[in-house]
Structure formats: structure tokens, C-alpha cells
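Novice: Sending over coords35.cif (mmCIF, C-alpha atoms).
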data_model
loop_
_atom_site.group_PDB
_atom_site.id
_atom_site.type_symbol
_atom_site.label_atom_id
_atom_site.label_comp_id
_atom_site.auth_asym_id
_atom_site.auth_seq_id
_atom_site.Cartn_x
_atom_site.Cartn_y
_atom_site.Cartn_z
ATOM 1 C CA MET R 1476 4.929 24.611 -17.839
ATOM 2 C CA ALA R 1477 8.233 23.320 -16.480
ATOM 3 C CA VAL R 1478 8.432 22.057 -12.932
ATOM 4 C CA SER R 1479 11.371 23.296 -10.886
ATOM 5 C CA LEU R 1480 13.831 21.047 -9.101
ATOM 6 C CA ALA R 1481 12.521 22.353 -5.774
ATOM 7 C CA GLN R 1482 8.955 21.380 -6.728
ATOM 8 C CA ARG R 1483 10.068 17.911 -7.844
ATOM 9 C CA THR R 1484 12.026 17.483 -4.613
ATOM 10 C CA GLN R 1485 8.930 18.409 -2.595
ATOM 11 C CA GLN R 1486 6.810 16.022 -4.659
ATOM 12 C CA LEU R 1487 9.359 13.279 -3.960
ATOM 13 C CA ARG R 1488 9.204 13.962 -0.210
ATOM 14 C CA ASP R 1489 5.395 13.914 -0.342
ATOM 15 C CA GLU R 1490 5.314 10.624 -2.245
ATOM 16 C CA ARG R 1491 7.773 9.039 0.170
ATOM 17 C CA ARG R 1492 5.494 10.032 3.053
ATOM 18 C CA LEU R 1493 2.560 8.492 1.186
ATOM 19 C CA LEU R 1494 4.609 5.325 0.712
ATOM 20 C CA GLU R 1495 5.379 5.139 4.427
ATOM 21 C CA LYS R 1496 1.678 5.587 5.208
ATOM 22 C CA ALA R 1497 0.710 2.960 2.639
ATOM 23 C CA ASP R 1498 3.174 0.493 4.168
ATOM 24 C CA LEU R 1499 1.763 1.119 7.636
ATOM 25 C CA ASP R 1500 -1.850 0.891 6.461
ATOM 26 C CA ILE R 1501 -1.170 -2.366 4.631
ATOM 27 C CA GLU R 1502 0.556 -3.927 7.627
ATOM 28 C CA GLU R 1503 -2.305 -2.891 9.912
ATOM 29 C CA GLY R 1504 -4.776 -4.213 7.344
ATOM 30 C CA TRP R 1505 -3.115 -7.636 7.328
ATOM 31 C CA GLN R 1506 -3.248 -7.662 11.121
ATOM 32 C CA ARG R 1507 -6.984 -6.848 11.057
ATOM 33 C CA LEU R 1508 -7.519 -9.577 8.490
ATOM 34 C CA ARG R 1509 -5.728 -12.160 10.643
ATOM 35 C CA ARG R 1510 -7.824 -11.152 13.670
ATOM 36 C CA GLN R 1511 -11.019 -11.440 11.637
ATOM 37 C CA GLU R 1512 -9.989 -14.859 10.356
ATOM 38 C CA ASP R 1513 -9.399 -15.935 13.966
ATOM 39 C CA ARG R 1514 -12.873 -14.686 14.910
ATOM 40 C CA VAL R 1515 -14.452 -16.589 12.036
ATOM 41 C CA ARG R 1516 -12.730 -19.793 13.140
ATOM 42 C CA ASP R 1517 -13.926 -19.240 16.711
ATOM 43 C CA LEU R 1518 -17.487 -18.695 15.481
ATOM 44 C CA GLN R 1519 -17.335 -21.765 13.244
ATOM 45 C CA ASP R 1520 -15.992 -23.870 16.118
ATOM 46 C CA SER R 1521 -18.937 -22.676 18.210
ATOM 47 C CA GLY R 1522 -21.431 -23.631 15.512
ATOM 48 C CA TYR R 1523 -22.501 -20.127 14.475
ATOM 49 C CA ASP R 1524 -23.530 -19.087 10.973
ATOM 50 C CA CYS R 1525 -20.451 -17.288 9.652
ATOM 51 C CA GLN R 1526 -21.525 -16.228 6.176
ATOM 52 C CA GLN R 1527 -21.356 -12.505 6.919
ATOM 53 C CA ALA R 1528 -18.058 -12.827 8.783
ATOM 54 C CA GLU R 1529 -16.602 -14.850 5.905
ATOM 55 C CA ARG R 1530 -17.802 -12.197 3.467
ATOM 56 C CA LEU R 1531 -16.017 -9.565 5.527
ATOM 57 C CA VAL R 1532 -12.799 -11.596 5.353
ATOM 58 C CA GLU R 1533 -13.078 -11.707 1.559
ATOM 59 C CA LEU R 1534 -13.741 -7.968 1.385
ATOM 60 C CA LEU R 1535 -10.732 -7.280 3.587
ATOM 61 C CA LYS R 1536 -8.561 -9.421 1.299
ATOM 62 C CA GLN R 1537 -9.821 -7.602 -1.792
ATOM 63 C CA THR R 1538 -9.186 -4.255 -0.147
ATOM 64 C CA LEU R 1539 -5.630 -5.236 0.743
ATOM 65 C CA VAL R 1540 -4.965 -6.325 -2.829
ATOM 66 C CA GLU R 1541 -6.107 -2.892 -4.018
ATOM 67 C CA TRP R 1542 -3.996 -1.149 -1.376
ATOM 68 C CA GLU R 1543 -0.959 -3.122 -2.537
ATOM 69 C CA ARG R 1544 -1.661 -2.145 -6.151
ATOM 70 C CA HIS R 1545 -1.876 1.472 -5.075
ATOM 71 C CA ARG R 1546 1.404 1.077 -3.179
ATOM 72 C CA THR R 1547 3.023 -0.170 -6.405
ATOM 73 C CA LEU R 1548 1.881 3.003 -8.155
ATOM 74 C CA ILE R 1549 3.394 5.111 -5.374
ATOM 75 C CA VAL R 1550 6.699 3.225 -5.695
ATOM 76 C CA GLN R 1551 6.688 3.868 -9.442
ATOM 77 C CA ARG R 1552 6.044 7.569 -8.832
ATOM 78 C CA VAL R 1553 8.861 7.723 -6.246
ATOM 79 C CA ASP R 1554 11.243 6.075 -8.722
ATOM 80 C CA TYR R 1555 10.234 8.509 -11.457
ATOM 81 C CA LEU R 1556 10.638 11.547 -9.216
ATOM 82 C CA GLN R 1557 13.962 10.258 -7.902
ATOM 83 C CA GLN R 1558 15.249 10.121 -11.468
ATOM 84 C CA GLU R 1559 13.970 13.641 -12.068
ATOM 85 C CA VAL R 1560 15.646 14.974 -8.929
ATOM 86 C CA ASP R 1561 18.881 13.007 -9.154
ATOM 87 C CA PRO R 1562 19.359 11.730 -12.713
ATOM 88 C CA VAL R 1563 22.087 9.171 -13.284
ATOM 89 C CA PRO R 1564 24.693 10.613 -15.642
ATOM 90 C CA PRO R 1565 25.317 8.629 -18.815
ATOM 91 C CA ALA R 1566 28.129 6.088 -18.577
ATOM 92 C CA VAL R 1567 31.427 7.111 -20.148
ATOM 93 C CA ALA R 1568 32.520 4.640 -22.820
#
Starting from the coordinates I provided, produce the structure as C-alpha cells.

Specialist:
Amino acid sequence: MAVSLAQRTQQLRDERRLLEKADLDIEEGWQRLRRQEDRVRDLQDSGYDCQQAERLVELLKQTLVEWERHRTLIVQRVDYLQQEVDPVPPAVA
């Protein structure tokens, strides 16, 4: 079944919104990670056992890597849909 130009345009708008949300989520995630790293340093400086806090830092890093991979997929989808909505005409020789 063929997808109409209007449907593709809506899909493109939806994906762009998802990309904006992904960018915001990733930025907030990096901020949370930096705060957690600061907390771990404070705990270490105070002599506390930080194994669980360090594990959380690693999990946050892994999560952010996955979020960035997902963001890449969204960018690829946006690029694809943009070409579907507004194809570049072939160059005239």
C-alpha cells in the first residue's frame, strides 16, 4: 500500500519531534551523569564505600550510549523521510 505525501509529511514532523525529545533527554542524561559523578567523588573523599554509586555511574553511561544510538536511528529516519517528502531532482548534465 502506497503512503501519501501527507502521511509522509506527518511522519517527518513526528520524527523531528522525537529527535528534539531525544536531544533534550540526552542532554539531561549527561547532566544527571555529571551530578552522580560529583556525588561519587564526594563520597570517596569522605571515605564511604562507593561500589553501588560507581555501578550507577556505569549504568548511566551505558544508557546514554544506547540513547545516542537510538538518536542516530531517528536522524536516519528523518533523512529518509525528508528525501521522500522533498526529493532532490536529478542534476541536468

Novice: Using only C-alpha atoms, collect all residues at a distance of at most 12 Å from (3.9, -6.2, 2.6) as written in the file, then present them as an mmCIF file with C-alpha atoms, keeping the file's coordinate frame.

Specialist:
data_model
loop_
_atom_site.group_PDB
_atom_site.id
_atom_site.type_symbol
_atom_site.label_atom_id
_atom_site.label_comp_id
_atom_site.auth_asym_id
_atom_site.auth_seq_id
_atom_site.Cartn_x
_atom_site.Cartn_y
_atom_site.Cartn_z
ATOM 1 C CA LEU R 1494 4.609 5.325 0.712
ATOM 2 C CA GLU R 1495 5.379 5.139 4.427
ATOM 3 C CA ALA R 1497 0.710 2.960 2.639
ATOM 4 C CA ASP R 1498 3.174 0.493 4.168
ATOM 5 C CA LEU R 1499 1.763 1.119 7.636
ATOM 6 C CA ASP R 1500 -1.850 0.891 6.461
ATOM 7 C CA ILE R 1501 -1.170 -2.366 4.631
ATOM 8 C CA GLU R 1502 0.556 -3.927 7.627
ATOM 9 C CA GLU R 1503 -2.305 -2.891 9.912
ATOM 10 C CA GLY R 1504 -4.776 -4.213 7.344
ATOM 11 C CA TRP R 1505 -3.115 -7.636 7.328
ATOM 12 C CA GLN R 1506 -3.248 -7.662 11.121
ATOM 13 C CA LEU R 1539 -5.630 -5.236 0.743
ATOM 14 C CA VAL R 1540 -4.965 -6.325 -2.829
ATOM 15 C CA TRP R 1542 -3.996 -1.149 -1.376
ATOM 16 C CA GLU R 1543 -0.959 -3.122 -2.537
ATOM 17 C CA ARG R 1544 -1.661 -2.145 -6.151
ATOM 18 C CA ARG R 1546 1.404 1.077 -3.179
ATOM 19 C CA THR R 1547 3.023 -0.170 -6.405
#

Novice: In Å, with one decimal, what is the gap from atom CA of Lys1496 of chain R to atom CA of Asp1554 of chain R?

Specialist: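 Pair atom CA of Lys1496 of chain R / atom CA of Asp1554 of chain R returns 16.9 Å.
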
Novice: What does the distance between atom CA of Arg1507 of chain R and atom CA of Tyr1523 of chain R come to in Å, to one decimal place?

Specialist: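 These two atoms are separated by 20.7 Å.
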
Novice: Given the PyMOL selection byres ((chain R and resi 1552) around 12) and the file above, list the residues it selects as a short mmCIF file (atom, residue, chain, number, x, y, z; two decimals) with C-alpha atoms, in the coordinates of the input.

Specialist:
data_model
loop_
_atom_site.label_atom_id
_atom_site.label_comp_id
_atom_site.auth_asym_id
_atom_site.auth_seq_id
_atom_site.Cartn_x
_atom_site.Cartn_y
_atom_site.Cartn_z
CA ARG R 1483 10.07 17.91 -7.84
CA GLN R 1486 6.81 16.02 -4.66
CA LEU R 1487 9.36 13.28 -3.96
CA ARG R 1488 9.20 13.96 -0.21
CA ASP R 1489 5.40 13.91 -0.34
CA GLU R 1490 5.31 10.62 -2.24
CA ARG R 1491 7.77 9.04 0.17
CA LEU R 1493 2.56 8.49 1.19
CA LEU R 1494 4.61 5.32 0.71
CA HIS R 1545 -1.88 1.47 -5.08
CA ARG R 1546 1.40 1.08 -3.18
CA THR R 1547 3.02 -0.17 -6.40
CA LEU R 1548 1.88 3.00 -8.15
CA ILE R 1549 3.39 5.11 -5.37
CA VAL R 1550 6.70 3.22 -5.70
CA GLN R 1551 6.69 3.87 -9.44
CA VAL R 1553 8.86 7.72 -6.25
CA ASP R 1554 11.24 6.08 -8.72
CA TYR R 1555 10.23 8.51 -11.46
CA LEU R 1556 10.64 11.55 -9.22
CA GLN R 1557 13.96 10.26 -7.90
CA GLN R 1558 15.25 10.12 -11.47
CA GLU R 1559 13.97 13.64 -12.07
#

Novice: At what distance in Å, to one decimal, does atom CA of Gln1527 of chain R lie from atom CA of Arg1509 of chain R?

Specialist: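 Interatomic distance, atom CA of Arg1509 of chain R to atom CA of Gln1527 of chain R: 16.1 Å.
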
Novice: Using all atoms listed in the file, which of the listed residues (R:Ser1479, R:Ser1521, R:Asp1513, R:Leu1508) sits closest to Glu1533 of chain R?

Specialist: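 Of all the options, R:Leu1508 lies closest to Glu1533 of chain R.
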
Novice: When you look at Val1515 of chain R with a cut-off of 10 Å (counting all atoms listed in the file), what residues show up, excluding the ones that are within fewer than 3 positions of it in the same chain? I need them as a short mmCIF file (atom, residue, chain, number, x, y, z; two decimals) with C-alpha atoms, in the coordinates of the input.

Specialist:
data_model
loop_
_atom_site.label_atom_id
_atom_site.label_comp_id
_atom_site.auth_asym_id
_atom_site.auth_seq_id
_atom_site.Cartn_x
_atom_site.Cartn_y
_atom_site.Cartn_z
CA ARG R 1509 -5.73 -12.16 10.64
CA ARG R 1510 -7.82 -11.15 13.67
CA GLN R 1511 -11.02 -11.44 11.64
CA GLU R 1512 -9.99 -14.86 10.36
CA LEU R 1518 -17.49 -18.70 15.48
CA GLN R 1519 -17.34 -21.76 13.24
CA ASP R 1520 -15.99 -23.87 16.12
CA SER R 1521 -18.94 -22.68 18.21
CA TYR R 1523 -22.50 -20.13 14.48
CA ASP R 1524 -23.53 -19.09 10.97
CA CYS R 1525 -20.45 -17.29 9.65
CA GLN R 1526 -21.52 -16.23 6.18
CA GLN R 1527 -21.36 -12.50 6.92
CA ALA R 1528 -18.06 -12.83 8.78
CA GLU R 1529 -16.60 -14.85 5.90
CA LEU R 1531 -16.02 -9.56 5.53
CA VAL R 1532 -12.80 -11.60 5.35
#
